[in-house]
file start_25.csv (CSV, C-alpha atoms)
chain,number,residue,atom,x,y,z
C,141,ASP,CA,83.4,98.9,120.2
C,142,ILE,CA,85.7,100.9,117.9
C,143,PRO,CA,88.4,98.7,116.4
C,144,GLN,CA,91.9,99.4,117.4
C,145,THR,CA,93.0,99.4,113.8
C,146,ALA,CA,90.8,102.4,113.1
C,147,ILE,CA,92.3,104.3,116.0
C,148,ASP,CA,95.8,103.3,115.0
C,149,SER,CA,95.3,104.6,111.4
C,150,VAL,CA,95.0,108.2,112.9
C,151,VAL,CA,98.2,110.2,113.2
C,152,ARG,CA,99.1,113.5,115.0
C,153,ILE,CA,100.4,116.2,112.7
C,154,LYS,CA,102.4,119.3,113.6
C,155,ASN,CA,103.1,122.0,111.1
C,156,SER,CA,106.1,124.4,111.0
C,157,SER,CA,104.0,127.0,112.9
C,158,GLY,CA,103.7,124.7,115.8
C,159,GLU,CA,100.0,124.1,115.2
C,160,THR,CA,98.7,120.5,115.8
C,161,GLY,CA,95.9,118.6,114.1
C,162,CYS,CA,95.6,115.0,112.9
C,163,GLY,CA,95.0,112.9,109.8
C,164,PHE,CA,94.6,109.3,108.9
C,165,VAL,CA,96.1,106.8,106.5
C,166,ILE,CA,93.8,106.5,103.5
C,167,GLY,CA,95.9,104.9,100.8
C,168,THR,CA,99.0,103.2,99.6
C,169,GLU,CA,100.8,103.1,96.3
C,170,THR,CA,104.1,101.9,94.6
C,171,LEU,CA,106.3,104.8,93.5
C,172,GLU,CA,108.2,104.9,90.2
C,173,ASP,CA,111.4,103.7,92.0
C,174,GLY,CA,109.4,100.6,93.2
C,175,GLU,CA,109.2,101.8,96.8
C,176,LYS,CA,105.9,101.6,98.7
C,177,SER,CA,104.4,104.8,100.1
C,178,TYR,CA,101.4,105.7,102.2
C,179,THR,CA,99.0,108.7,101.8
C,180,VAL,CA,97.7,110.6,104.9
C,181,MET,CA,94.6,112.7,104.5
C,182,THR,CA,94.2,115.8,106.7
C,183,ASN,CA,93.0,119.5,106.4
C,184,ARG,CA,94.8,122.2,104.5
C,185,HIS,CA,94.6,124.4,107.5
C,186,VAL,CA,96.6,121.7,109.3
C,187,ALA,CA,99.2,120.7,106.6
C,188,LYS,CA,99.1,124.0,104.7
C,189,ASP,CA,100.1,124.3,101.0
C,190,THR,CA,101.8,121.8,98.8
C,191,GLY,CA,105.5,121.5,99.8
C,192,HIS,CA,104.9,122.5,103.4
C,193,LYS,CA,107.0,120.5,105.9
C,194,VAL,CA,105.1,118.6,108.6
C,195,THR,CA,105.9,116.2,111.4
C,196,ILE,CA,103.8,113.1,111.7
C,197,GLU,CA,103.5,110.9,114.7
C,198,PHE,CA,102.2,107.3,114.5
C,199,TRP,CA,100.6,105.6,117.4
C,200,ALA,CA,99.6,102.1,118.4
C,201,ASN,CA,97.5,101.0,121.3
C,202,GLY,CA,97.9,104.4,122.9
C,203,TYR,CA,101.7,104.6,122.5
C,204,LYS,CA,103.7,106.7,120.1
C,205,ILE,CA,105.7,104.4,118.0
C,206,LYS,CA,107.2,106.5,115.2
C,207,THR,CA,107.8,110.2,114.3
C,208,VAL,CA,108.6,111.1,110.7
C,209,LYS,CA,109.2,114.2,108.7
C,210,ALA,CA,107.2,114.7,105.5
C,211,GLU,CA,105.7,117.3,103.3
C,212,THR,CA,102.3,118.2,101.9
C,213,TYR,CA,101.7,116.6,98.5
C,214,ARG,CA,98.5,118.3,97.5
C,215,SER,CA,96.1,120.7,99.2
C,216,TRP,CA,92.7,122.2,98.4
C,217,TYR,CA,90.9,125.1,100.1
C,218,GLU,CA,87.7,126.8,99.0
C,219,GLY,CA,86.1,128.8,101.8
C,220,ASP,CA,82.8,129.4,100.1
C,221,MET,CA,82.4,125.7,99.4
C,222,TYR,CA,83.8,124.5,102.7
C,223,ILE,CA,86.5,122.4,101.1
C,224,ASP,CA,89.6,122.0,103.3
C,225,ILE,CA,91.7,119.0,102.4
C,226,ALA,CA,95.4,118.1,102.1
C,227,LEU,CA,97.4,114.9,101.4
C,228,VAL,CA,100.8,114.0,102.7
C,229,LYS,CA,102.9,111.1,101.3
C,230,ILE,CA,105.3,109.0,103.4
C,231,LYS,CA,107.7,106.4,102.1
C,232,ARG,CA,107.5,102.9,103.7
C,233,SER,CA,111.3,103.0,104.2
C,234,ALA,CA,110.8,106.1,106.5
C,235,LEU,CA,108.2,104.2,108.6
C,236,GLY,CA,109.7,100.8,108.9
C,237,PHE,CA,106.3,99.2,109.3
C,238,ASP,CA,102.9,99.0,107.6
C,239,PRO,CA,100.2,101.2,109.2
C,240,PRO,CA,96.5,100.3,108.9
C,241,VAL,CA,94.8,101.8,105.8
C,242,MET,CA,91.2,103.0,106.1
C,243,ALA,CA,88.8,102.8,103.1
C,244,LEU,CA,86.9,105.9,101.9
C,245,ALA,CA,83.2,105.1,101.5
C,246,GLU,CA,82.1,104.3,98.0
C,247,ARG,CA,80.4,107.1,96.0
C,248,GLY,CA,76.7,107.3,96.8
C,249,HIS,CA,77.1,105.7,100.2
C,250,LYS,CA,73.9,106.6,102.0
C,251,ILE,CA,74.1,109.0,105.0
C,252,ARG,CA,71.0,109.6,107.1
C,253,LEU,CA,70.1,112.0,109.8
C,254,GLY,CA,70.4,110.4,113.2
C,255,ASP,CA,73.0,107.8,112.0
C,256,GLN,CA,75.5,106.9,114.7
C,257,VAL,CA,79.0,107.7,113.7
C,258,ASN,CA,82.5,107.4,115.2
C,259,THR,CA,85.0,110.2,115.1
C,260,ILE,CA,88.7,109.9,115.9
C,261,GLY,CA,91.0,112.8,116.5
C,262,CYS,CA,93.7,114.3,118.8
C,263,PRO,CA,91.6,116.6,121.1
C,264,LYS,CA,93.7,119.3,122.7
C,265,ALA,CA,96.7,118.0,120.8
C,266,TRP,CA,96.6,114.7,122.8
C,267,TRP,CA,97.1,111.2,121.3
C,268,PRO,CA,94.3,109.7,119.0
C,269,ASN,CA,91.0,109.3,120.8
C,270,ALA,CA,87.7,107.9,119.6
C,271,ARG,CA,84.2,108.9,120.5
C,272,SER,CA,80.7,108.1,119.2
C,273,GLY,CA,78.1,110.6,118.1
C,274,HIS,CA,75.1,111.2,115.8
C,275,ILE,CA,74.6,113.2,112.6
C,276,THR,CA,72.3,116.0,113.7
C,277,LYS,CA,72.2,118.1,110.5
C,278,LEU,CA,73.0,117.3,106.9
C,279,THR,CA,73.4,119.0,103.5
C,280,LYS,CA,74.6,117.6,100.2
C,281,ASP,CA,78.3,117.8,100.9
C,282,HIS,CA,78.6,118.3,104.7
C,283,MET,CA,77.5,116.8,108.0
C,284,TYR,CA,77.0,118.3,111.5
C,285,ILE,CA,77.9,115.8,114.2
C,286,SER,CA,77.1,116.0,117.9
C,287,PRO,CA,79.0,116.1,120.2
C,288,THR,CA,81.4,118.7,119.0
C,289,SER,CA,85.1,118.4,118.0
C,290,HIS,CA,87.9,120.0,119.9
C,291,GLY,CA,91.1,121.8,119.0
C,292,GLY,CA,93.5,119.2,117.5
C,293,ASP,CA,90.7,117.1,116.0
C,294,SER,CA,91.0,118.8,112.6
C,295,GLY,CA,91.8,116.3,109.9
C,296,GLY,CA,90.4,113.3,111.7
C,297,PRO,CA,88.2,110.7,110.0
C,298,VAL,CA,84.5,110.2,110.5
C,299,PHE,CA,83.6,106.5,110.4
C,300,ASP,CA,80.2,104.8,110.0
C,301,ARG,CA,78.7,103.0,112.9
C,302,TYR,CA,80.8,99.9,112.5
C,303,CYS,CA,84.0,101.6,111.4
C,304,LYS,CA,84.0,99.7,108.1
C,305,ARG,CA,84.5,102.9,106.0
C,306,VAL,CA,85.4,106.6,106.3
C,307,ILE,CA,82.3,108.6,105.5
C,308,GLY,CA,83.7,112.1,106.3
C,309,LEU,CA,86.6,114.3,107.2
C,310,THR,CA,86.5,116.6,110.3
C,311,ALA,CA,87.4,120.2,109.6
C,312,TRP,CA,85.4,122.7,111.8
C,313,ARG,CA,83.5,123.2,115.0
C,314,GLY,CA,80.7,125.6,115.8
C,315,PHE,CA,80.4,127.9,118.7
C,316,PRO,CA,77.4,129.5,120.4
C,317,PRO,CA,75.9,132.1,120.1
C,318,ASN,CA,76.5,131.9,116.3
C,319,ASP,CA,75.2,128.3,116.3
C,320,PRO,CA,72.4,127.2,118.6
C,321,GLU,CA,74.5,124.2,119.5
C,322,THR,CA,78.1,123.1,119.0
C,323,TYR,CA,79.0,120.7,116.3
C,324,CYS,CA,81.7,118.8,114.6
C,325,GLY,CA,81.7,119.9,111.0
C,326,SER,CA,82.7,117.4,108.4
C,327,MET,CA,83.0,117.0,104.6
C,328,THR,CA,81.3,113.9,103.2
C,329,ALA,CA,83.0,111.1,101.3
C,330,ASP,CA,81.3,112.1,98.1
C,331,LEU,CA,82.7,115.7,98.3
C,332,ILE,CA,86.2,114.2,99.2
C,333,ARG,CA,86.0,112.0,96.1
C,334,ASP,CA,85.0,115.1,94.0
C,335,VAL,CA,88.2,116.8,95.2
C,336,LEU,CA,90.4,113.8,94.7
C,337,GLU,CA,89.0,113.3,91.2
C,338,GLY,CA,90.1,116.8,90.1
C,339,LYS,CA,86.7,118.5,90.1
C,340,HIS,CA,88.2,121.3,92.3
C,341,GLY,CA,91.6,121.6,90.7
C,342,ASP,CA,94.9,119.7,91.0
C,343,GLY,CA,95.8,120.7,94.5
C,344,LEU,CA,98.9,122.5,93.4
C,345,PRO,CA,99.7,126.1,94.5
C,346,LYS,CA,98.6,128.7,92.0
C,347,SER,CA,100.9,131.5,93.3
C,348,ASN,CA,103.6,132.2,95.7
C,349,SER,CA,101.6,134.7,97.6
C,350,GLY,CA,102.0,132.9,100.9
C,351,GLU,CA,98.3,133.3,101.6
C,352,LYS,CA,97.4,131.6,104.9
C,353,ALA,CA,94.4,129.2,104.9
C,354,PRO,CA,92.0,130.3,107.7
C,355,ALA,CA,90.5,127.7,109.9
C,356,PRO,CA,86.8,128.9,109.6
C,357,ARG,CA,84.3,128.4,112.3
C,358,LEU,CA,81.4,126.3,111.3
C,359,ARG,CA,78.5,128.1,109.8
C,360,PRO,CA,75.3,126.6,108.3
C,361,PHE,CA,76.2,124.9,105.0
C,362,GLY,CA,73.6,126.6,102.8
C,363,ARG,CA,70.1,125.2,103.2
C,364,ILE,CA,69.7,122.7,106.0
C,365,TRP,CA,67.5,119.9,104.7
C,366,ARG,CA,66.2,118.6,108.0
C,367,GLU,CA,67.1,118.6,111.6
C,368,TYR,CA,67.2,115.6,113.9
C,369,THR,CA,67.2,115.4,117.7
C,370,PRO,CA,68.2,112.0,119.0
C,371,ASP,CA,66.0,110.4,121.5
C,372,GLU,CA,67.6,110.2,125.0
C,373,ASN,CA,67.6,106.4,124.8
C,374,GLU,CA,69.7,106.6,121.6
C,375,LEU,CA,72.4,108.5,123.4
C,376,LYS,CA,72.9,106.0,126.2

call {"tool": "encode", "arguments": {"input": "start_25.csv", "output": "structure tokens"}}
result
Amino acid sequence: DIPQTAIDSVVRIKNSSGETGCGFVIGTETLEDGEKSYTVMTNRHVAKDTGHKVTIEFWANGYKIKTVKAETYRSWYEGDMYIDIALVKIKRSALGFDPPVMALAERGHKIRLGDQVNTIGCPKAWWPNARSGHITKLTKDHMYISPTSHGGDSGGPVFDRYCKRVIGLTAWRGFPPNDPETYCGSMTADLIRDVLEGKHGDGLPKSNSGEKAPAPRLRPFGRIWREYTPDENELK
């Protein structure tokens, strides 16, 4: 079973354009003024550029318990490298409670084809929902997961089989006929760590051009190392 704490770490996010995605609480820190804050991770095509205003809804046991206004703290988008990440900070005083915080997998955490994973998102802009799947394709920095994601799932976490750590971030989905199947496309924890450690810039806007981040459809991430088709018994 997927722990309720993992589901309750996922939030629904609405941007100023009315688009809906999701995110999850990935960290906490103490600000200079001594106040505690929480960091929500999502996609840039959900939370847009640094400084963008968003509305974040927190849920518990299937019920919405808090809605807060916030703004994007950092964002990264590199289409050629399939990087699509944003961070939003929320003060504890605005929440009034302490949400569950999920741990990002340690660097080098082994991911294998065929591994069972759990994804949580807000399909069709609903409340957070969890489902299980398998890694069916894998490259150095990205995973293909079956079954596919849905609109509203962008920014959701991918957990390992036991929901002990976050091993990926949902960002895209594939559609036939361009892809032979449909997939949930995810960045791996190692790629996320590269971004957070500054290997792809500081996440601050480089211009005021107002360029909109596209939400790309999933295409093959470079060379596919191997492909795996789960046995029917594994999917039961």

call {"tool": "closest_residue", "arguments": {"input": "start_25.csv", "among": "C:Gly191, C:Ile147, C:Tyr323, C:Met181", "to": "Ile225 (chain C)", "atoms": "only C-alpha atoms"}}
result
C:Met181

call {"tool": "closest_residue", "arguments": {"input": "start_25.csv", "among": "C:Ser294, C:Ser156, C:Thr195, C:Ser286", "to": "Lys209 (chain C)", "atoms": "only C-alpha atoms"}}
result
C:Thr195

call {"tool": "residues_around", "arguments": {"input": "start_25.csv", "residues": "Tyr213 (chain C)", "least_positions_apart": "6", "cutoff": "9 Å", "atoms": "all atoms listed in the file", "output": "number ranges by chain"}}
result
C: 179, 189-192, 226-229, 343-344

call {"tool": "residues_near_point", "arguments": {"input": "start_25.csv", "point": "(82.2, 102.8, 103.5)", "cutoff": "8 Å", "atoms": "only C-alpha atoms", "output": "ChimeraX atom specification"}}
result
/C:243-246,249,299-300,304-307

call {"tool": "atom_distance", "arguments": {"input": "start_25.csv", "atom1": "CA of Cys324 (chain C)", "atom2": "CA of Thr259 (chain C)"}}
result
9.2 Å
